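run39.pdb, holding PDB, C-alpha atoms and all ligand atoms:
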ATOM      1  CA  MET A   1      12.631   6.812  62.019
ATOM      2  CA  LEU A   2      15.202   7.431  59.303
ATOM      3  CA  GLU A   3      16.361  10.502  61.203
ATOM      4  CA  GLN A   4      16.928   8.328  64.285
ATOM      5  CA  GLU A   5      18.744   5.642  62.307
ATOM      6  CA  PHE A   6      20.997   8.126  60.513
ATOM      7  CA  PRO A   7      21.381  11.138  62.813
ATOM      8  CA  GLY A   8      24.486  12.396  61.006
ATOM      9  CA  ALA A   9      23.005  12.322  57.511
ATOM     10  CA  SER A  10      22.585  15.686  55.801
ATOM     11  CA  GLY A  11      19.758  16.821  53.542
ATOM     12  CA  ALA A  12      16.016  16.417  53.611
ATOM     13  CA  ILE A  13      14.254  13.052  53.695
ATOM     14  CA  SER A  14      12.569  12.167  50.415
ATOM     15  CA  PRO A  15       8.762  12.429  50.458
ATOM     16  CA  ILE A  16       8.688   9.035  48.679
ATOM     17  CA  ARG A  17       7.744   6.429  51.261
ATOM     18  CA  GLY A  18       9.146   2.932  51.102
ATOM     19  CA  GLY A  19       7.466  -0.391  51.825
ATOM     20  CA  ARG A  20       4.681  -2.569  50.559
ATOM     21  CA  GLN A  21       1.831  -0.471  51.952
ATOM     22  CA  ALA A  22       3.022   2.669  50.185
ATOM     23  CA  ALA A  23       3.559   0.652  46.995
ATOM     24  CA  GLU A  24       0.005  -0.700  47.109
ATOM     25  CA  GLN A  25      -1.384   2.796  47.568
ATOM     26  CA  GLN A  26       0.557   3.949  44.548
ATOM     27  CA  ILE A  27      -0.350   1.017  42.318
ATOM     28  CA  ARG A  28      -4.064   1.660  42.931
ATOM     29  CA  LYS A  29      -3.653   5.057  41.256
ATOM     30  CA  ILE A  30      -2.603   3.586  37.888
ATOM     31  CA  ASP A  31      -4.634   4.896  34.953
ATOM     32  CA  GLY A  32      -3.367   3.272  31.772
ATOM     33  CA  LYS A  33      -5.440   5.435  29.435
ATOM     34  CA  ARG A  34      -4.422   8.770  30.963
ATOM     35  CA  TYR A  35      -0.831   7.529  31.103
ATOM     36  CA  ALA A  36      -0.754   6.948  27.349
ATOM     37  CA  ARG A  37      -2.058  10.456  26.667
ATOM     38  CA  SER A  38       0.082  12.359  29.128
ATOM     39  CA  ARG A  39       3.269  10.499  30.056
ATOM     40  CA  ASP A  40       5.613  12.945  28.328
ATOM     41  CA  HIS A  41       4.329  15.894  30.346
ATOM     42  CA  LEU A  42       6.004  16.574  33.672
ATOM     43  CA  ASN A  43       2.549  16.705  35.255
ATOM     44  CA  GLY A  44       1.340  13.640  33.334
ATOM     45  CA  ALA A  45      -0.194  10.520  34.845
ATOM     46  CA  VAL A  46       3.020   8.591  35.364
ATOM     47  CA  THR A  47       2.939   5.900  38.027
ATOM     48  CA  GLY A  48       5.871   6.792  40.308
ATOM     49  CA  LEU A  49       6.366   3.055  40.809
ATOM     50  CA  SER A  50      10.025   2.833  39.810
ATOM     51  CA  PRO A  51      11.509   2.830  43.352
ATOM     52  CA  TYR A  52       9.206  -0.057  44.348
ATOM     53  CA  ILE A  53       9.963  -2.018  41.200
ATOM     54  CA  ARG A  54      13.668  -1.363  41.571
ATOM     55  CA  HIS A  55      13.776  -2.711  45.125
ATOM     56  CA  GLY A  56      11.555  -5.725  44.482
ATOM     57  CA  VAL A  57       8.606  -4.397  46.501
ATOM     58  CA  LEU A  58       6.464  -4.814  43.371
ATOM     59  CA  THR A  59       6.991  -7.238  40.514
ATOM     60  CA  LEU A  60       6.508  -6.235  36.898
ATOM     61  CA  ALA A  61       3.741  -8.857  36.691
ATOM     62  CA  GLU A  62       1.818  -7.139  39.500
ATOM     63  CA  VAL A  63       2.122  -3.805  37.756
ATOM     64  CA  ARG A  64       1.023  -5.349  34.447
ATOM     65  CA  ASP A  65      -2.071  -6.825  36.108
ATOM     66  CA  ALA A  66      -2.897  -3.482  37.715
ATOM     67  CA  VAL A  67      -2.614  -1.767  34.324
ATOM     68  CA  PHE A  68      -5.147  -4.188  32.819
ATOM     69  CA  GLN A  69      -7.496  -3.643  35.756
ATOM     70  CA  SER A  70      -7.358   0.117  35.193
ATOM     71  CA  ILE A  71      -8.630  -0.008  31.598
ATOM     72  CA  ASN A  72     -11.660  -1.173  29.635
ATOM     73  CA  ASN A  73      -9.958  -1.546  26.293
ATOM     74  CA  ARG A  74      -6.672  -3.528  26.178
ATOM     75  CA  ASP A  75      -5.119  -1.075  23.709
ATOM     76  CA  ASP A  76      -5.384   1.698  26.304
ATOM     77  CA  GLY A  77      -2.766  -0.067  28.406
ATOM     78  CA  SER A  78      -0.267  -0.748  25.657
ATOM     79  CA  LYS A  79       1.917   2.316  26.249
ATOM     80  CA  LEU A  80       2.478   1.530  29.901
ATOM     81  CA  ILE A  81       2.963  -2.190  29.264
ATOM     82  CA  ASN A  82       5.505  -1.234  26.641
ATOM     83  CA  GLU A  83       7.505   0.754  29.207
ATOM     84  CA  LEU A  84       7.481  -2.172  31.607
ATOM     85  CA  GLY A  85       8.952  -4.128  28.716
ATOM     86  CA  TRP A  86      11.860  -1.681  28.507
ATOM     87  CA  ARG A  87      12.591  -2.160  32.182
ATOM     88  CA  ASP A  88      12.764  -5.907  31.558
ATOM     89  CA  PHE A  89      14.834  -5.484  28.407
ATOM     90  CA  TRP A  90      17.451  -3.315  30.134
ATOM     91  CA  GLN A  91      17.772  -5.882  32.931
ATOM     92  CA  ARG A  92      18.367  -8.641  30.391
ATOM     93  CA  MET A  93      20.962  -6.511  28.615
ATOM     94  CA  TRP A  94      22.737  -6.039  31.945
ATOM     95  CA  GLN A  95      22.797  -9.789  32.502
ATOM     96  CA  GLU A  96      24.430 -10.174  29.108
ATOM     97  CA  LEU A  97      26.864  -7.270  29.463
ATOM     98  CA  GLY A  98      27.839  -7.633  33.116
ATOM     99  CA  ASP A  99      30.414  -5.006  34.111
ATOM    100  CA  HIS A 100      30.776  -3.946  30.470
ATOM    101  CA  ILE A 101      27.624  -1.931  31.035
ATOM    102  CA  ASP A 102      30.052   0.754  32.293
ATOM    103  CA  ASP A 103      31.709   0.946  28.863
ATOM    104  CA  ASP A 104      30.660   2.789  25.731
ATOM    105  CA  GLN A 105      28.803   0.135  23.778
ATOM    106  CA  GLU A 106      29.579   1.810  20.464
ATOM    107  CA  VAL A 107      31.355   4.923  19.223
ATOM    108  CA  PHE A 108      29.635   8.286  19.628
ATOM    109  CA  LYS A 109      27.659   9.323  16.537
ATOM    110  CA  THR A 110      28.126  12.995  17.402
ATOM    111  CA  GLY A 111      31.317  13.437  15.433
ATOM    112  CA  HIS A 112      33.223  13.856  18.718
ATOM    113  CA  SER A 113      35.618  11.265  20.110
ATOM    114  CA  ALA A 114      34.931   9.600  23.454
ATOM    115  CA  SER A 115      38.150  11.101  24.846
ATOM    116  CA  SER A 116      36.933  14.640  24.149
ATOM    117  CA  TYR A 117      34.160  14.352  26.764
ATOM    118  CA  SER A 118      34.979  15.450  30.303
ATOM    119  CA  ARG A 119      35.016  12.669  32.890
ATOM    120  CA  GLU A 120      34.228  15.087  35.721
ATOM    121  CA  LEU A 121      30.809  16.422  36.600
ATOM    122  CA  PRO A 122      31.149  20.242  36.683
ATOM    123  CA  ASP A 123      30.576  21.840  40.109
ATOM    124  CA  ASP A 124      27.848  24.199  38.908
ATOM    125  CA  ILE A 125      25.786  21.187  37.841
ATOM    126  CA  ARG A 126      26.383  19.245  41.051
ATOM    127  CA  ASP A 127      25.578  22.361  43.106
ATOM    128  CA  GLY A 128      22.572  23.419  41.020
ATOM    129  CA  CYS A 129      23.815  26.901  40.193
ATOM    130  CA  THR A 130      24.035  26.826  36.407
ATOM    131  CA  GLY A 131      21.615  29.732  35.990
ATOM    132  CA  LEU A 132      19.258  27.556  33.929
ATOM    133  CA  ALA A 133      16.009  27.335  35.886
ATOM    134  CA  CYS A 134      15.043  24.026  34.258
ATOM    135  CA  MET A 135      18.325  22.208  34.895
ATOM    136  CA  ASP A 136      18.798  23.637  38.395
ATOM    137  CA  GLY A 137      15.181  22.678  39.107
ATOM    138  CA  PHE A 138      15.686  19.100  37.914
ATOM    139  CA  ARG A 139      18.854  18.843  39.989
ATOM    140  CA  GLU A 140      16.945  20.061  43.056
ATOM    141  CA  GLU A 141      14.221  17.467  42.529
ATOM    142  CA  LEU A 142      16.797  14.743  41.941
ATOM    143  CA  VAL A 143      18.733  15.387  45.139
ATOM    144  CA  SER A 144      15.777  16.196  47.391
ATOM    145  CA  THR A 145      13.343  13.466  46.295
ATOM    146  CA  GLY A 146      15.508  10.820  44.610
ATOM    147  CA  TRP A 147      13.211  10.697  41.600
ATOM    148  CA  LEU A 148      12.845  12.523  38.279
ATOM    149  CA  HIS A 149      10.281  12.324  35.505
ATOM    150  CA  ASN A 150      11.545  10.439  32.443
ATOM    151  CA  HIS A 151      11.486  13.538  30.235
ATOM    152  CA  ALA A 152      13.473  15.532  32.797
ATOM    153  CA  ARG A 153      16.044  12.716  32.892
ATOM    154  CA  MET A 154      16.283  12.837  29.122
ATOM    155  CA  TRP A 155      16.657  16.613  28.950
ATOM    156  CA  MET A 156      19.215  16.685  31.713
ATOM    157  CA  ALA A 157      21.266  13.851  30.251
ATOM    158  CA  ALA A 158      21.186  15.397  26.762
ATOM    159  CA  TRP A 159      22.229  18.785  28.119
ATOM    160  CA  LEU A 160      25.114  17.320  30.083
ATOM    161  CA  VAL A 161      26.469  15.254  27.233
ATOM    162  CA  HIS A 162      25.762  17.391  24.176
ATOM    163  CA  TRP A 163      25.855  20.962  25.482
ATOM    164  CA  ARG A 164      28.276  20.605  28.395
ATOM    165  CA  HIS A 165      30.344  17.871  26.751
ATOM    166  CA  VAL A 166      30.443  15.678  29.853
ATOM    167  CA  HIS A 167      30.894  11.949  29.280
ATOM    168  CA  TRP A 168      27.631  10.045  29.869
ATOM    169  CA  LYS A 169      29.248   7.896  32.590
ATOM    170  CA  ALA A 170      29.973  10.920  34.819
ATOM    171  CA  GLY A 171      26.318  11.938  34.579
ATOM    172  CA  ALA A 172      25.061   8.395  35.035
ATOM    173  CA  ASP A 173      27.164   7.906  38.181
ATOM    174  CA  TRP A 174      25.816  11.155  39.602
ATOM    175  CA  PHE A 175      22.232  10.051  38.930
ATOM    176  CA  LEU A 176      22.929   6.777  40.723
ATOM    177  CA  GLU A 177      24.135   8.671  43.800
ATOM    178  CA  HIS A 178      20.627  10.096  44.177
ATOM    179  CA  LEU A 179      17.967   8.034  42.387
ATOM    180  CA  LEU A 180      15.823   5.839  44.608
ATOM    181  CA  ASP A 181      15.113   3.743  41.521
ATOM    182  CA  GLY A 182      18.723   3.876  40.347
ATOM    183  CA  ASP A 183      20.183   0.810  38.700
ATOM    184  CA  PRO A 184      22.908   0.432  36.091
ATOM    185  CA  ALA A 185      20.623  -1.303  33.609
ATOM    186  CA  SER A 186      17.928   1.363  33.111
ATOM    187  CA  ASN A 187      20.251   4.219  34.012
ATOM    188  CA  HIS A 188      23.474   3.528  32.134
ATOM    189  CA  LEU A 189      21.781   2.231  29.012
ATOM    190  CA  SER A 190      19.380   5.188  28.902
ATOM    191  CA  TRP A 191      22.313   7.576  29.256
ATOM    192  CA  GLN A 192      24.095   5.736  26.458
ATOM    193  CA  TRP A 193      20.991   5.889  24.297
ATOM    194  CA  ILE A 194      20.974   9.671  24.697
ATOM    195  CA  ALA A 195      24.727   9.991  24.188
ATOM    196  CA  SER A 196      24.507   7.803  21.036
ATOM    197  CA  THR A 197      26.828   5.047  22.256
ATOM    198  CA  PHE A 198      23.805   2.749  22.436
ATOM    199  CA  SER A 199      21.713   4.169  19.603
ATOM    200  CA  HIS A 200      22.236   5.236  16.035
ATOM    201  CA  LYS A 201      21.990   8.986  16.700
ATOM    202  CA  PRO A 202      22.171  11.376  19.635
ATOM    203  CA  TYR A 203      19.017  12.498  21.432
ATOM    204  CA  PHE A 204      18.654  16.251  21.851
ATOM    205  CA  PHE A 205      15.832  18.719  22.324
ATOM    206  CA  ASN A 206      15.071  22.403  22.022
ATOM    207  CA  ARG A 207      13.360  25.059  24.118
ATOM    208  CA  ASP A 208       9.991  24.610  22.408
ATOM    209  CA  ASN A 209       9.979  20.980  23.440
ATOM    210  CA  LEU A 210      11.017  21.675  27.018
ATOM    211  CA  GLU A 211       8.496  24.497  27.410
ATOM    212  CA  ARG A 212       5.704  22.401  25.973
ATOM    213  CA  TYR A 213       6.180  19.382  28.205
ATOM    214  CA  SER A 214       7.055  21.343  31.342
ATOM    215  CA  GLY A 215       4.117  23.742  30.998
ATOM    216  CA  GLY A 216       6.564  26.624  30.476
ATOM    217  CA  ASN A 217       7.083  26.869  34.225
ATOM    218  CA  PHE A 218      10.871  27.046  34.224
ATOM    219  CA  CYS A 219      11.288  29.557  31.406
ATOM    220  CA  LYS A 220       9.038  32.103  33.136
ATOM    221  CA  SER A 221      11.461  32.495  36.037
ATOM    222  CA  CYS A 222      14.737  31.747  34.252
ATOM    223  CA  SER A 223      17.468  34.360  34.488
ATOM    224  CA  SER A 224      18.957  32.908  31.290
ATOM    225  CA  ALA A 225      15.691  33.088  29.318
ATOM    226  CA  ASN A 226      17.113  35.731  26.963
ATOM    227  CA  HIS A 227      20.201  33.672  26.174
ATOM    228  CA  CYS A 228      18.767  30.189  26.522
ATOM    229  CA  PRO A 229      21.097  27.569  24.994
ATOM    230  CA  PHE A 230      18.091  25.534  23.876
ATOM    231  CA  ASP A 231      16.329  28.369  22.052
ATOM    232  CA  ALA A 232      16.948  27.327  18.444
ATOM    233  CA  SER A 233      15.621  25.057  15.731
ATOM    234  CA  TYR A 234      16.699  21.429  15.628
ATOM    235  CA  GLU A 235      18.706  22.141  12.486
ATOM    236  CA  GLN A 236      20.596  24.996  14.165
ATOM    237  CA  LEU A 237      21.265  22.918  17.272
ATOM    238  CA  GLU A 238      22.438  19.956  15.264
ATOM    239  CA  THR A 239      24.972  22.130  13.454
ATOM    240  CA  LYS A 240      26.130  23.698  16.700
ATOM    241  CA  LEU A 241      26.382  20.593  18.844
ATOM    242  CA  PHE A 242      27.631  17.876  16.568
ATOM    243  CA  ALA A 243      30.856  17.927  14.616
ATOM    244  CA  GLN A 244      29.579  15.485  12.095
ATOM    245  CA  ARG A 245      27.056  12.720  11.870
ATOM    246  CA  VAL A 246      28.528   9.283  11.376
ATOM    247  CA  PRO A 247      26.522   7.312   8.825
ATOM    248  CA  ILE A 248      25.213   4.277  10.598
ATOM    249  CA  ARG A 249      26.591   1.784   8.104
ATOM    250  CA  ASP A 250      30.102   3.050   8.844
ATOM    251  CA  VAL A 251      29.890   2.798  12.621
ATOM    252  CA  PRO A 252      32.011  -0.055  13.898
ATOM    253  CA  ALA A 253      30.420  -1.998  16.742
ATOM    254  CA  ARG A 254      32.681  -2.297  19.743
ATOM    255  CA  ARG A 255      31.611  -5.871  20.278
ATOM    256  CA  GLN A 256      29.687  -8.021  17.897
ATOM    257  CA  GLY A 257      26.021  -8.268  18.655
ATOM    258  CA  HIS A 258      25.612  -5.098  20.685
ATOM    259  CA  ARG A 259      24.988  -2.714  17.871
ATOM    260  CA  SER A 260      22.149  -4.572  16.269
ATOM    261  CA  LYS A 261      20.211  -4.573  19.555
ATOM    262  CA  SER A 262      20.750  -0.930  20.291
ATOM    263  CA  THR A 263      20.056   0.418  16.848
ATOM    264  CA  ALA A 264      16.873  -1.598  16.710
ATOM    265  CA  ARG A 265      15.640   0.076  19.866
ATOM    266  CA  PRO A 266      12.968   2.717  19.371
ATOM    267  CA  ASN A 267      12.802   5.832  21.502
ATOM    268  CA  PRO A 268      12.237   5.125  25.224
ATOM    269  CA  SER A 269       9.991   8.157  25.251
ATOM    270  CA  THR A 270       7.150   8.637  22.800
ATOM    271  CA  GLN A 271       8.810  11.874  21.718
ATOM    272  CA  ARG A 272      11.997  11.880  19.746
ATOM    273  CA  PHE A 273      12.721  15.495  20.662
TER     274      PHE A 273
HETATM  275  C1  LIG B   1      18.934   9.262  31.663
HETATM  276  C2  LIG B   1      17.915   8.275  32.213
HETATM  277  C3  LIG B   1      18.199   7.554  33.353
HETATM  278  C4  LIG B   1      17.273   6.631  33.852
HETATM  279  N1  LIG B   1      17.601   5.909  34.961
HETATM  280  C5  LIG B   1      16.707   5.016  35.460
HETATM  281  C6  LIG B   1      17.030   4.237  36.607
HETATM  282  O1  LIG B   1      18.127   4.322  37.173
HETATM  283  N2  LIG B   1      16.084   3.360  37.073
HETATM  284  C7  LIG B   1      14.857   3.225  36.471
HETATM  285  O2  LIG B   1      14.026   2.426  36.951
HETATM  286  N3  LIG B   1      14.547   3.919  35.367
HETATM  287  C8  LIG B   1      15.422   4.812  34.837
HETATM  288  N4  LIG B   1      15.104   5.528  33.720
HETATM  289  C9  LIG B   1      13.841   5.225  33.017
HETATM  290  C10 LIG B   1      12.644   6.091  33.431
HETATM  291  O3  LIG B   1      12.983   7.442  33.412
HETATM  292  C11 LIG B   1      12.098   5.738  34.812
HETATM  293  O4  LIG B   1      11.898   4.339  34.915
HETATM  294  C12 LIG B   1      10.755   6.413  35.055
HETATM  295  O5  LIG B   1      10.856   7.813  34.871
HETATM  296  C13 LIG B   1      10.276   6.106  36.473
HETATM  297  O6  LIG B   1       9.093   6.820  36.773
HETATM  298  P1  LIG B   1       7.701   6.068  36.838
HETATM  299  O7  LIG B   1       7.764   4.904  37.743
HETATM  300  O8  LIG B   1       6.657   7.110  37.111
HETATM  301  O9  LIG B   1       7.567   5.546  35.354
HETATM  302  P2  LIG B   1       6.297   5.205  34.468
HETATM  303  O10 LIG B   1       6.392   6.021  33.243
HETATM  304  O11 LIG B   1       5.057   5.297  35.271
HETATM  305  O12 LIG B   1       6.551   3.709  34.025
HETATM  306  C14 LIG B   1       6.225   2.577  34.842
HETATM  307  C15 LIG B   1       7.449   1.718  35.006
HETATM  308  O13 LIG B   1       7.938   1.307  33.725
HETATM  309  C16 LIG B   1       9.366   1.323  33.726
HETATM  310  N5  LIG B   1       9.835   2.347  32.761
HETATM  311  C17 LIG B   1       9.183   3.456  32.354
HETATM  312  N6  LIG B   1       9.912   4.122  31.435
HETATM  313  C18 LIG B   1      11.049   3.421  31.289
HETATM  314  C19 LIG B   1      12.207   3.590  30.481
HETATM  315  N7  LIG B   1      12.340   4.624  29.621
HETATM  316  N8  LIG B   1      13.202   2.678  30.574
HETATM  317  C20 LIG B   1      13.074   1.614  31.414
HETATM  318  N9  LIG B   1      11.996   1.383  32.205
HETATM  319  C21 LIG B   1      11.005   2.286  32.133
HETATM  320  C22 LIG B   1       9.808   1.682  35.128
HETATM  321  O14 LIG B   1      10.006   0.495  35.861
HETATM  322  C23 LIG B   1       8.603   2.451  35.660
HETATM  323  O15 LIG B   1       8.488   2.431  37.059
HETATM  324  C24 LIG B   1      16.025   6.446  33.182
HETATM  325  C25 LIG B   1      15.754   7.189  32.038
HETATM  326  C26 LIG B   1      16.672   8.093  31.559
HETATM  327  C27 LIG B   1      16.346   8.882  30.318
END

Can you dump the structure from the file as structure tokens?
Ligand SMILES: Cc1cc2nc3c(=O)[nH]c(=O)nc-3n(C[C@H](O)[C@H](O)[C@H](O)COP(=O)(O)OP(=O)(O)OC[C@H]3O[C@@H](n4cnc5c(N)ncnc54)[C@H](O)[C@@H]3O)c2cc1C
Amino acid sequence: MLEQEFPGASGAISPIRGGRQAAEQQIRKIDGKRYARSRDHLNGAVTGLSPYIRHGVLTLAEVRDAVFQSINNRDDGSKLINELGWRDFWQRMWQELGDHIDDDQEVFKTGHSASSYSRELPDDIRDGCTGLACMDGFREELVSTGWLHNHARMWMAAWLVHWRHVHWKAGADWFLEHLLDGDPASNHLSWQWIASTFSHKPYFFNRDNLERYSGGNFCKSCSSANHCPFDASYEQLETKLFAQRVPIRDVPARRQGHRSKSTARPNPSTQRF
């Protein structure tokens, strides 16, 4: 049907099906207990509900009720309920910020100035030919399905901003071109959290972390495995990537009120790195 409606469109059709029926099938698969144990793994029991929530096919209240139905003990559902809370929080922040959601909410705490980050998405990233099996793989999933696991989003965003020195907004705009769940609230503010313009320090990761939560699948086939840019300790990466850490007490808030909210925010993933 989509092919008939848009005969000139290029690319494959996402395997994610729209509509209420597909959403109800998906919501029945929720397992709050398994989710809490496995959500950081790429093959973990995440719900895949974000496109339906984003387009109003499911309400957060419906998802919350389904989480409670999937568990015996209320505590088993707390991780997933917590994530629904972040969705709601980002939406409320967007209401407050309006179009300012496009702006850096605070200065970067990387020691680099905002103007030093490139505003253009490099071609090798857009085309998926960076030579890094993980990042090219995430890009392929993003453009062909319109969805990415939260951890993959975090790794990709951190790599773009901290390794490739691309401004978070260029990456965020590119994500929005493809994500079926894309919206400026969850997307832009998550990118800013990683970049450190909406958090007190930058998010970054290393190869051990990526291998662990991706089951090592990318590294096995990666042509860059012997010169992997992520293959280092956190201390080594911190020294390499960041010019200087800005002590939080010295960071001026761009607008009053924004900093206290962002710095109070814990990690959107259970894993810091
Ligand atoms: C760089 C980056 C960009 C992102 N952009 C978007 C976006 O445009 N739209 C979007 O909906 N989410 C975004 N997220 C948040 C999160 O990655 C997705 O909501 C989640 O991966 C969707 O998959 P799921 O439905 O299986 O989530 P699950 O883990 O099964 O969670 C269930 C629901 O809770 C909400 N949720 C879960 N994690 C988060 C989170 N960290 N922040 C906010 N809500 C969350 C979503 O509505 C999700 O559908 C982004 C995260 C990052 C790091």

Check: Just so the selection is clear, what residues does the PyMOL selection byres (((chain A and resi 100) around 12) and not hetatm) cover here, as a PyMOL selection string?
Finding: chain A and resi 93-99+101-106+184-185+188-189+254-255+258

Margin query: Please expand the PyMOL selection byres (((chain A and resi 172) around 12) and not hetatm) into the concrete residues it hits in this file, giving the result as a PyMOL selection string.
Written below: chain A and resi 101-103+119-121+153-154+156-158+160-161+166-171+173-179+182-195

Checklist line | Which of A:Tyr117, A:Trp86, A:Phe218, A:Phe68 sits closest to Ala152 (chain A) [using only C-alpha atoms] | finding: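 Once distances to Ala152 (chain A) are computed over only C-alpha atoms, the minimum belongs to A:Phe218.
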
Checklist line | Residues returned when the PyMOL selection byres (((chain A and resi 50) around 12) and not hetatm) runs on this file, as a PyMOL selection string | finding: chain A and resi 16+18+23+26-27+46-49+51-60+63+83-84+87+146-150+179-183+186-187

Next item on the list: Between A:Gln244, A:Ser223, A:Ser10, A:Gln21, single out the one closest to Thr130 (chain A), counting only C-alpha atoms.
Entry: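 Checking each candidate against Thr130 (chain A), we get A:Ser223 as the closest.
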
To test the calculation: enclose all listed atoms of region 80-91 of chain A in a box whose edges run along x, y and z, add 8 Å on each side, then state centre and edge lengths in Å to one decimal, as AutoDock Vina command-line options.
--center_x 10.1 --center_y -2.2 --center_z 29.8 --size_x 31.3 --size_y 23.4 --size_z 22.3

Region 66-82 of chain A rebuilt with N, CA and C atoms, output as a PDB file, in the frame of the given file:
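Once written, out-v3.pdb looks like this:
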ATOM      1  N   ALA A  66      -2.209  -4.701  37.272  1.00  0.00           N
ATOM      2  CA  ALA A  66      -2.897  -3.482  37.715  1.00  0.00           C
ATOM      3  C   ALA A  66      -3.223  -2.583  36.525  1.00  0.00           C
ATOM      4  N   VAL A  67      -2.336  -2.568  35.529  1.00  0.00           N
ATOM      5  CA  VAL A  67      -2.614  -1.767  34.324  1.00  0.00           C
ATOM      6  C   VAL A  67      -3.879  -2.305  33.658  1.00  0.00           C
ATOM      7  N   PHE A  68      -3.966  -3.613  33.492  1.00  0.00           N
ATOM      8  CA  PHE A  68      -5.147  -4.188  32.819  1.00  0.00           C
ATOM      9  C   PHE A  68      -6.425  -3.927  33.616  1.00  0.00           C
ATOM     10  N   GLN A  69      -6.308  -3.935  34.938  1.00  0.00           N
ATOM     11  CA  GLN A  69      -7.496  -3.643  35.756  1.00  0.00           C
ATOM     12  C   GLN A  69      -7.957  -2.202  35.621  1.00  0.00           C
ATOM     13  N   SER A  70      -7.014  -1.315  35.232  1.00  0.00           N
ATOM     14  CA  SER A  70      -7.358   0.117  35.193  1.00  0.00           C
ATOM     15  C   SER A  70      -8.014   0.531  33.879  1.00  0.00           C
ATOM     16  N   ILE A  71      -8.136  -0.397  32.938  1.00  0.00           N
ATOM     17  CA  ILE A  71      -8.630  -0.008  31.598  1.00  0.00           C
ATOM     18  C   ILE A  71      -9.796  -0.882  31.164  1.00  0.00           C
ATOM     19  N   ASN A  72     -10.571  -0.382  30.210  1.00  0.00           N
ATOM     20  CA  ASN A  72     -11.660  -1.173  29.635  1.00  0.00           C
ATOM     21  C   ASN A  72     -11.207  -1.834  28.341  1.00  0.00           C
ATOM     22  N   ASN A  73     -10.428  -1.072  27.593  1.00  0.00           N
ATOM     23  CA  ASN A  73      -9.958  -1.546  26.293  1.00  0.00           C
ATOM     24  C   ASN A  73      -8.464  -1.897  26.401  1.00  0.00           C
ATOM     25  N   ARG A  74      -8.065  -3.088  26.004  1.00  0.00           N
ATOM     26  CA  ARG A  74      -6.672  -3.528  26.178  1.00  0.00           C
ATOM     27  C   ARG A  74      -5.667  -2.577  25.533  1.00  0.00           C
ATOM     28  N   ASP A  75      -6.054  -1.982  24.406  1.00  0.00           N
ATOM     29  CA  ASP A  75      -5.119  -1.075  23.709  1.00  0.00           C
ATOM     30  C   ASP A  75      -4.745   0.134  24.571  1.00  0.00           C
ATOM     31  N   ASP A  76      -5.658   0.527  25.457  1.00  0.00           N
ATOM     32  CA  ASP A  76      -5.384   1.698  26.304  1.00  0.00           C
ATOM     33  C   ASP A  76      -4.196   1.467  27.232  1.00  0.00           C
ATOM     34  N   GLY A  77      -3.864   0.219  27.489  1.00  0.00           N
ATOM     35  CA  GLY A  77      -2.766  -0.067  28.406  1.00  0.00           C
ATOM     36  C   GLY A  77      -1.449  -0.312  27.701  1.00  0.00           C
ATOM     37  N   SER A  78      -1.453  -0.273  26.371  1.00  0.00           N
ATOM     38  CA  SER A  78      -0.267  -0.748  25.657  1.00  0.00           C
ATOM     39  C   SER A  78       0.958   0.132  25.911  1.00  0.00           C
ATOM     40  N   LYS A  79       0.762   1.430  26.054  1.00  0.00           N
ATOM     41  CA  LYS A  79       1.917   2.316  26.249  1.00  0.00           C
ATOM     42  C   LYS A  79       2.647   1.979  27.559  1.00  0.00           C
ATOM     43  N   LEU A  80       1.865   1.820  28.594  1.00  0.00           N
ATOM     44  CA  LEU A  80       2.478   1.530  29.901  1.00  0.00           C
ATOM     45  C   LEU A  80       3.095   0.123  29.926  1.00  0.00           C
ATOM     46  N   ILE A  81       2.402  -0.829  29.326  1.00  0.00           N
ATOM     47  CA  ILE A  81       2.963  -2.190  29.264  1.00  0.00           C
ATOM     48  C   ILE A  81       4.286  -2.171  28.491  1.00  0.00           C
ATOM     49  N   ASN A  82       4.295  -1.366  27.443  1.00  0.00           N
ATOM     50  CA  ASN A  82       5.505  -1.234  26.641  1.00  0.00           C
ATOM     51  C   ASN A  82       6.687  -0.743  27.488  1.00  0.00           C
TER      52      ASN A  82
END
